[in-house]
Amino acid sequence: MKKRLMLIVLVFGMATLCISAESFSQRVLANIQPALQVIWPEAELSFGQLTIGLNESATIQLKVLANVGYNVILETNNPNLKEYIVETGAYGVNKLKEVLQISTDDGLNWLTVEKSMILISKPEGSPVEDIYKIKYQQVMTFPADKALNEGSYYTTEITLLVTPLI
């Protein structure tokens, strides 16, 4: 029995001597998709009744959170406010003499609206949301700008596109 016990201990001891550590290396990869999160302002903004001279709209906010650079592009078919006839659902012939103006910094700087223009160019993303305070400015000239019949108003459609720079 002693021989057997010794043989078992010897075999077990040899088995432990044959075990060695194994290793491997591994590469862990990841990618991050470009992301833009945008909170848009209301779909409609009204000056109300224009007065002779300079008129400014209320301030609206455009919020952008991005992990990449981006542009904010403005597009419109009519840089001037143009007559819209509700009854027919069509544009009329009248338009305001002065072109609409836009500001993205709460009225500190003004740009003349064009059919297509880059309003904001931000080459890098930001760890916090960017808040743009948008205002419009319209000059009413007297007597060049005409009062419209009831059921008509001056309008233009503006599209703001936020596009990644990647």
# chains A, B, ... in the order shown; residues from 1 in each chain; ligands from 1
$ select_by_dssp --residues "chain A" --states "helix (DSSP H, G or I)" --output "ChimeraX atom specification"
/A:2-18
$ select_by_dssp --residues "segment 16-142 of chain A" --states "strand (DSSP E or B)" --output "PyMOL selection string"
chain A and resi 36-39+53-56+60-66+70-76+82-85+90-95+101-103+105+111-112+116-122+130-140
$ closest_residue --among "A:Ile39, A:Leu54, A:Leu165, A:Val28" --to "Pro123 of chain A" --atoms "only C-alpha atoms"
A:Leu165
$ residues_around --residues "Gly151 of chain A" --least-positions-apart "6" --cutoff "7 Å" --atoms "only C-alpha atoms" --output "PyMOL selection string"
chain A and resi 85-87
$ atom_distance --atom1 "atom CA of Val93 of chain A" --atom2 "atom CA of Leu161 of chain A"
28.3 Å
$ closest_residue --among "A:Ser103, A:Ser126, A:Gln138, A:Asn78" --to "Thr159 of chain A" --atoms "only C-alpha atoms"
A:Asn78
$ residues_around --residues "Thr51 of chain A" --least-positions-apart "6" --cutoff "10 Å" --atoms "only C-alpha atoms" --output "JSON, numbers by chain"
{"A": [138, 139, 140, 141, 142]}
$ write_last_selection --atoms "N, CA and C atoms" --output "PDB file, in the first residue's frame"
ATOM      1  N   GLN A 138     -36.552  92.467 -40.946  1.00  0.00           N
ATOM      2  CA  GLN A 138     -37.189  92.854 -42.191  1.00  0.00           C
ATOM      3  C   GLN A 138     -37.414  94.358 -42.192  1.00  0.00           C
ATOM      4  N   VAL A 139     -36.970  94.997 -43.256  1.00  0.00           N
ATOM      5  CA  VAL A 139     -37.208  96.425 -43.415  1.00  0.00           C
ATOM      6  C   VAL A 139     -38.448  96.597 -44.284  1.00  0.00           C
ATOM      7  N   MET A 140     -39.392  97.396 -43.805  1.00  0.00           N
ATOM      8  CA  MET A 140     -40.566  97.730 -44.613  1.00  0.00           C
ATOM      9  C   MET A 140     -40.358  99.146 -45.144  1.00  0.00           C
ATOM     10  N   THR A 141     -40.404  99.293 -46.465  1.00  0.00           N
ATOM     11  CA  THR A 141     -40.244 100.611 -47.074  1.00  0.00           C
ATOM     12  C   THR A 141     -41.604 101.163 -47.442  1.00  0.00           C
ATOM     13  N   PHE A 142     -41.765 102.439 -47.210  1.00  0.00           N
ATOM     14  CA  PHE A 142     -43.040 103.094 -47.505  1.00  0.00           C
ATOM     15  C   PHE A 142     -42.793 104.152 -48.556  1.00  0.00           C
TER      16      PHE A 142
END
$ closest_residue --among "A:Thr104, A:Arg27, A:Thr163, A:Pro34" --to "Asn67 of chain A" --atoms "only C-alpha atoms"
A:Pro34
$ closest_residue --among "A:Leu36, A:Ala58, A:Leu45, A:Val72" --to "Gly125 of chain A" --atoms "only C-alpha atoms"
A:Leu36
$ residues_around --residues "Ile134 of chain A" --least-positions-apart "6" --cutoff "10 Å" --atoms "only C-alpha atoms" --output "list in words"
Pro41, Ser57, Ala58, Thr59, Ile60, Gln61, Leu62, Ile102, Ser103, Thr104, Asp105, Asp106 and Gly107 of chain A
$ closest_residue --among "A:Ile120, A:Leu81, A:Ala21, A:Ala43" --to "Pro164 of chain A" --atoms "only C-alpha atoms"
A:Ile120
$ closest_residue --among "A:Ile118, A:Val113, A:Ala35, A:Leu148" --to "Ala66 of chain A" --atoms "only C-alpha atoms"
A:Ala35
$ residues_around --residues "Glu75 of chain A" --least-positions-apart "3" --cutoff "8 Å" --atoms "only C-alpha atoms" --output "list in words"
Glu114, Lys115, Ser116, Met117, Ile158, Thr159, Leu160 and Leu161 of chain A
$ write_last_selection --atoms "all heavy atoms" --output "CSV table (one decimal), in the first residue's frame"
chain,number,residue,atom,x,y,z
A,114,GLU,N,-29.8,84.6,-48.7
A,114,GLU,CA,-29.6,84.2,-50.1
A,114,GLU,C,-30.3,82.9,-50.3
A,114,GLU,O,-30.7,82.2,-49.4
A,114,GLU,CB,-28.1,84.0,-50.4
A,114,GLU,CG,-27.3,85.3,-50.2
A,114,GLU,CD,-25.8,85.1,-50.3
A,114,GLU,OE1,-25.4,84.0,-50.8
A,114,GLU,OE2,-25.0,86.0,-49.9
A,115,LYS,N,-30.4,82.5,-51.6
A,115,LYS,CA,-31.1,81.2,-51.9
A,115,LYS,C,-30.4,80.0,-51.2
A,115,LYS,O,-31.1,79.1,-50.8
A,115,LYS,CB,-31.2,81.0,-53.4
A,115,LYS,CG,-32.2,81.9,-54.0
A,115,LYS,CD,-32.6,81.5,-55.4
A,115,LYS,CE,-33.7,82.4,-55.9
A,115,LYS,NZ,-34.4,81.8,-57.0
A,116,SER,N,-29.1,80.0,-51.1
A,116,SER,CA,-28.4,79.0,-50.4
A,116,SER,C,-27.1,79.6,-49.8
A,116,SER,O,-26.4,80.3,-50.5
A,116,SER,CB,-28.0,77.9,-51.4
A,116,SER,OG,-27.3,76.8,-50.7
A,117,MET,N,-27.0,79.4,-48.5
A,117,MET,CA,-25.8,80.0,-47.8
A,117,MET,C,-25.5,79.2,-46.6
A,117,MET,O,-26.3,78.5,-46.0
A,117,MET,CB,-26.1,81.4,-47.5
A,117,MET,CG,-27.3,81.6,-46.5
A,117,MET,SD,-27.9,83.3,-46.3
A,117,MET,CE,-26.6,84.0,-45.4
A,158,ILE,N,-38.1,78.8,-45.4
A,158,ILE,CA,-36.7,78.7,-45.1
A,158,ILE,C,-36.4,77.3,-44.6
A,158,ILE,O,-37.1,76.8,-43.7
A,158,ILE,CB,-36.2,79.7,-44.1
A,158,ILE,CG1,-36.2,81.1,-44.8
A,158,ILE,CG2,-34.8,79.4,-43.6
A,158,ILE,CD1,-35.8,82.3,-44.0
A,159,THR,N,-35.4,76.6,-45.2
A,159,THR,CA,-35.0,75.3,-44.7
A,159,THR,C,-33.6,75.5,-44.1
A,159,THR,O,-32.7,76.0,-44.7
A,159,THR,CB,-34.9,74.3,-45.8
A,159,THR,OG1,-36.2,74.2,-46.4
A,159,THR,CG2,-34.5,72.9,-45.3
A,160,LEU,N,-33.4,75.0,-42.9
A,160,LEU,CA,-32.1,74.9,-42.3
A,160,LEU,C,-31.6,73.5,-42.2
A,160,LEU,O,-32.3,72.6,-41.7
A,160,LEU,CB,-32.1,75.5,-40.8
A,160,LEU,CG,-32.5,76.9,-40.7
A,160,LEU,CD1,-32.5,77.3,-39.2
A,160,LEU,CD2,-31.5,77.8,-41.4
A,161,LEU,N,-30.5,73.2,-42.8
A,161,LEU,CA,-29.9,71.9,-42.9
A,161,LEU,C,-28.6,71.8,-42.0
A,161,LEU,O,-27.8,72.7,-42.1
A,161,LEU,CB,-29.5,71.5,-44.3
A,161,LEU,CG,-30.5,71.6,-45.4
A,161,LEU,CD1,-29.9,71.6,-46.8
A,161,LEU,CD2,-31.5,70.4,-45.2
$ residues_around --residues "Glu83 of chain A" --least-positions-apart "5" --cutoff "9 Å" --atoms "only C-alpha atoms" --output "PyMOL selection string"
chain A and resi 90-96+148+152-156
$ write_last_selection --atoms "all heavy atoms" --output "short mmCIF file (atom, residue, chain, number, x, y, z; two decimals), in the first residue's frame"
data_model
loop_
_atom_site.label_atom_id
_atom_site.label_comp_id
_atom_site.auth_asym_id
_atom_site.auth_seq_id
_atom_site.Cartn_x
_atom_site.Cartn_y
_atom_site.Cartn_z
N ALA A 90 -51.61 79.84 -53.65
CA ALA A 90 -50.53 80.17 -54.60
C ALA A 90 -49.89 81.50 -54.21
O ALA A 90 -50.48 82.31 -53.49
CB ALA A 90 -51.09 80.26 -56.01
N TYR A 91 -48.70 81.71 -54.73
CA TYR A 91 -48.02 82.98 -54.52
C TYR A 91 -48.56 84.02 -55.49
O TYR A 91 -48.88 83.71 -56.63
CB TYR A 91 -46.51 82.82 -54.71
CG TYR A 91 -45.85 82.12 -53.54
CD1 TYR A 91 -45.62 80.76 -53.56
CD2 TYR A 91 -45.46 82.84 -52.41
CE1 TYR A 91 -45.03 80.11 -52.47
CE2 TYR A 91 -44.87 82.22 -51.33
CZ TYR A 91 -44.66 80.85 -51.37
OH TYR A 91 -44.08 80.23 -50.31
N GLY A 92 -48.64 85.25 -55.02
CA GLY A 92 -49.06 86.37 -55.86
C GLY A 92 -47.84 87.06 -56.46
O GLY A 92 -46.72 86.53 -56.44
N VAL A 93 -48.03 88.27 -56.96
CA VAL A 93 -46.95 88.99 -57.65
C VAL A 93 -46.18 89.94 -56.72
O VAL A 93 -45.06 90.32 -57.03
CB VAL A 93 -47.50 89.79 -58.86
CG1 VAL A 93 -48.04 88.83 -59.92
CG2 VAL A 93 -48.56 90.78 -58.44
N ASN A 94 -46.79 90.34 -55.62
CA ASN A 94 -46.15 91.32 -54.73
C ASN A 94 -45.07 90.66 -53.88
O ASN A 94 -45.21 89.52 -53.44
CB ASN A 94 -47.19 91.96 -53.80
CG ASN A 94 -48.17 92.81 -54.56
OD1 ASN A 94 -47.77 93.69 -55.32
ND2 ASN A 94 -49.46 92.57 -54.37
N LYS A 95 -44.01 91.42 -53.64
CA LYS A 95 -42.98 91.00 -52.70
C LYS A 95 -42.42 92.24 -52.03
O LYS A 95 -42.51 93.35 -52.57
CB LYS A 95 -41.89 90.16 -53.37
CG LYS A 95 -41.01 90.92 -54.32
CD LYS A 95 -39.95 90.00 -54.89
CE LYS A 95 -38.99 90.80 -55.78
NZ LYS A 95 -37.93 89.98 -56.32
N LEU A 96 -41.84 92.05 -50.85
CA LEU A 96 -41.25 93.18 -50.14
C LEU A 96 -39.96 93.60 -50.85
O LEU A 96 -39.22 92.76 -51.38
CB LEU A 96 -40.98 92.83 -48.68
CG LEU A 96 -42.22 92.53 -47.84
CD1 LEU A 96 -41.83 92.23 -46.40
CD2 LEU A 96 -43.22 93.67 -47.88
N LEU A 148 -51.63 94.14 -48.33
CA LEU A 148 -52.30 93.07 -49.08
C LEU A 148 -53.77 92.97 -48.70
O LEU A 148 -54.18 93.38 -47.61
CB LEU A 148 -51.61 91.73 -48.82
CG LEU A 148 -50.14 91.65 -49.22
CD1 LEU A 148 -49.56 90.31 -48.79
CD2 LEU A 148 -49.96 91.86 -50.72
N SER A 152 -54.47 87.28 -47.51
CA SER A 152 -53.12 87.17 -48.09
C SER A 152 -52.11 87.66 -47.06
O SER A 152 -52.44 88.47 -46.19
CB SER A 152 -53.01 88.02 -49.36
OG SER A 152 -53.85 87.55 -50.37
N TYR A 153 -50.90 87.18 -47.17
CA TYR A 153 -49.82 87.65 -46.30
C TYR A 153 -48.50 87.44 -47.01
O TYR A 153 -48.40 86.73 -48.01
CB TYR A 153 -49.84 86.94 -44.93
CG TYR A 153 -49.83 85.42 -45.01
CD1 TYR A 153 -48.64 84.72 -45.10
CD2 TYR A 153 -51.02 84.71 -44.97
CE1 TYR A 153 -48.63 83.33 -45.16
CE2 TYR A 153 -51.02 83.32 -45.04
CZ TYR A 153 -49.82 82.63 -45.13
OH TYR A 153 -49.81 81.27 -45.20
N TYR A 154 -47.46 88.09 -46.50
CA TYR A 154 -46.11 87.92 -47.03
C TYR A 154 -45.43 86.77 -46.31
O TYR A 154 -45.52 86.65 -45.09
CB TYR A 154 -45.29 89.20 -46.84
CG TYR A 154 -45.72 90.34 -47.74
CD1 TYR A 154 -46.48 91.38 -47.25
CD2 TYR A 154 -45.33 90.35 -49.08
CE1 TYR A 154 -46.86 92.44 -48.07
CE2 TYR A 154 -45.71 91.39 -49.91
CZ TYR A 154 -46.48 92.43 -49.41
OH TYR A 154 -46.86 93.46 -50.23
N THR A 155 -44.74 85.93 -47.07
CA THR A 155 -44.09 84.76 -46.47
C THR A 155 -42.91 84.29 -47.31
O THR A 155 -42.76 84.68 -48.48
CB THR A 155 -45.09 83.60 -46.30
OG1 THR A 155 -44.47 82.56 -45.55
CG2 THR A 155 -45.55 83.04 -47.63
N THR A 156 -42.10 83.46 -46.74
CA THR A 156 -41.07 82.71 -47.45
C THR A 156 -40.82 81.42 -46.68
O THR A 156 -41.03 81.36 -45.47
CB THR A 156 -39.77 83.50 -47.64
OG1 THR A 156 -38.91 82.79 -48.53
CG2 THR A 156 -39.03 83.72 -46.33
#
$ atom_distance --atom1 "atom CA of Glu42 of chain A" --atom2 "atom CA of Asn109 of chain A"
21.9 Å
$ atom_distance --atom1 "atom CA of Glu124 of chain A" --atom2 "atom CA of Val68 of chain A"
5.5 Å
$ decode --residues "segment 15-36 of chain A" --atoms "C-alpha atoms" --output "PDB file, in the first residue's frame"
ATOM      1  CA  ALA A  15       1.426  15.703 -13.823  1.00  0.00           C
ATOM      2  CA  THR A  16       1.750  19.055 -12.149  1.00  0.00           C
ATOM      3  CA  LEU A  17       5.229  19.530 -13.538  1.00  0.00           C
ATOM      4  CA  CYS A  18       3.927  19.138 -17.134  1.00  0.00           C
ATOM      5  CA  ILE A  19       1.392  21.981 -16.816  1.00  0.00           C
ATOM      6  CA  SER A  20       2.705  25.357 -17.978  1.00  0.00           C
ATOM      7  CA  ALA A  21       1.167  28.796 -18.470  1.00  0.00           C
ATOM      8  CA  GLU A  22      -0.278  29.678 -21.864  1.00  0.00           C
ATOM      9  CA  SER A  23      -0.791  33.224 -23.113  1.00  0.00           C
ATOM     10  CA  PHE A  24      -2.284  35.019 -26.043  1.00  0.00           C
ATOM     11  CA  SER A  25      -2.723  38.613 -27.068  1.00  0.00           C
ATOM     12  CA  GLN A  26      -5.885  40.183 -28.367  1.00  0.00           C
ATOM     13  CA  ARG A  27      -6.627  43.469 -30.100  1.00  0.00           C
ATOM     14  CA  VAL A  28      -9.856  45.190 -29.091  1.00  0.00           C
ATOM     15  CA  LEU A  29     -11.279  47.548 -31.718  1.00  0.00           C
ATOM     16  CA  ALA A  30     -14.108  50.081 -31.636  1.00  0.00           C
ATOM     17  CA  ASN A  31     -15.489  52.801 -33.839  1.00  0.00           C
ATOM     18  CA  ILE A  32     -17.754  55.746 -33.115  1.00  0.00           C
ATOM     19  CA  GLN A  33     -20.334  56.842 -35.637  1.00  0.00           C
ATOM     20  CA  PRO A  34     -20.629  60.548 -36.364  1.00  0.00           C
ATOM     21  CA  ALA A  35     -23.705  61.862 -34.610  1.00  0.00           C
ATOM     22  CA  LEU A  36     -25.706  65.067 -34.737  1.00  0.00           C
TER      23      LEU A  36
END
